[in-house]
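The next block holds one structure in the form of C-alpha cells; read it before the comments.
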Amino acid sequence: MEIIISNSSAKPIYEQICLQIKSQIMDGVLAPGEVLPSMRALARDLHISVITVQRAYEDLAREGFIETVSGKGSFVAAQDREVIQKEQLRMAEELIRKAAEIGRSHGISYRQMSDILRTYYEEDPCQK
C-alpha cells in the first residue's frame with residue numbers, strides 16, 4: 001500500500017491518508033479482507049505520529065471502509081456498492097464545488113459552466 005503525504009497540502013495528514021486509502025479501496029487496489037499496515041508501522045513508514053494514523057483509521061472504520069479487530073489489526077471491509085457510490089458522489093460534489101468557485105470568481109456564467117459539465121459528462125471515453 002502506497003501513501004504519499006504532502007506537508008504543503010491544505011488537507012490535514014490524517015485526511016490525506018483517509019482519501020488515499022478510500023481511493024485504493026474503490027479502485028480495487030486494496031481488496032476486501034486485505035490486511036492494512038498496523039498503525040505503528042504506517043506511522044513509522046510515513047514519519048508521522050501514531051495518533052494521526054489512529055485518527056485516519058477511526059474515520060475509515062466509521063465510514064465502513066475498514067474493520068479493526070482488537071489484537072488482530074485492521075482489514076479492508078467488504079464493500080457495499082451503495083457505500084462506494086455514496087463516496088464517489090461526495091468526491092464529485094467536492095470537485096464541482098471547486099469548479100463553481102473558480103467560475104464565479106472569474107466571471108464564467110452558469111450557462112458556460114453547465115455546458116462544460118455536459119460536454120465532459122456525455123463524452124464517450126472510448127472515443128479518446
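Ordering of the C-alpha cells sets the chain letters (A, B, ...); residue numbers start at 1 within each chain; ligands are numbered from 1 in the order shown.
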If you run DSSP on this backbone, which residues of chain A come out as helix (DSSP H, G or I), and could you give them as number ranges by chain? A: 13-26, 39-46, 50-62, 81-105, 110-122, 125-127
Enumerate, as a PyMOL selection string, the complete set of residues in stretch 9-109 of chain A that a backbone-based DSSP assignment places in strand (DSSP E). chain A and resi 66-69+73-76
Print the selection's residues with C-alpha atoms to a file, as a short mmCIF file (atom, residue, chain, number, x, y, z; two decimals), in the first residue's frame.
```cif
data_model
loop_
_atom_site.label_atom_id
_atom_site.label_comp_id
_atom_site.auth_asym_id
_atom_site.auth_seq_id
_atom_site.Cartn_x
_atom_site.Cartn_y
_atom_site.Cartn_z
CA ILE A 66 -12.16 -0.77 7.09
CA GLU A 67 -12.76 -3.01 10.09
CA THR A 68 -10.46 -3.13 13.09
CA VAL A 69 -10.31 -6.28 15.19
CA GLY A 73 -5.32 -5.49 13.14
CA SER A 74 -7.23 -3.54 10.53
CA PHE A 75 -8.69 -5.02 7.37
CA VAL A 76 -10.41 -3.71 4.24
#
```
Ranking A:Tyr120, A:Phe65, A:Tyr57, A:Tyr110 by minimum distance to A:Tyr14 and counting only C-alpha atoms, which one comes first?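 So, comparing all the options, the nearest one is A:Tyr57.
Picture a line from atom CA of A:Glu101 to atom CA of A:Leu117; it runs 14.3 Å.
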Shell around stretch 77-82 of chain A at 10 Å using only C-alpha atoms, local window under 4 positions removed, as a PyMOL selection string: chain A and resi 25-26+30-35+60-61+64-68+86-88
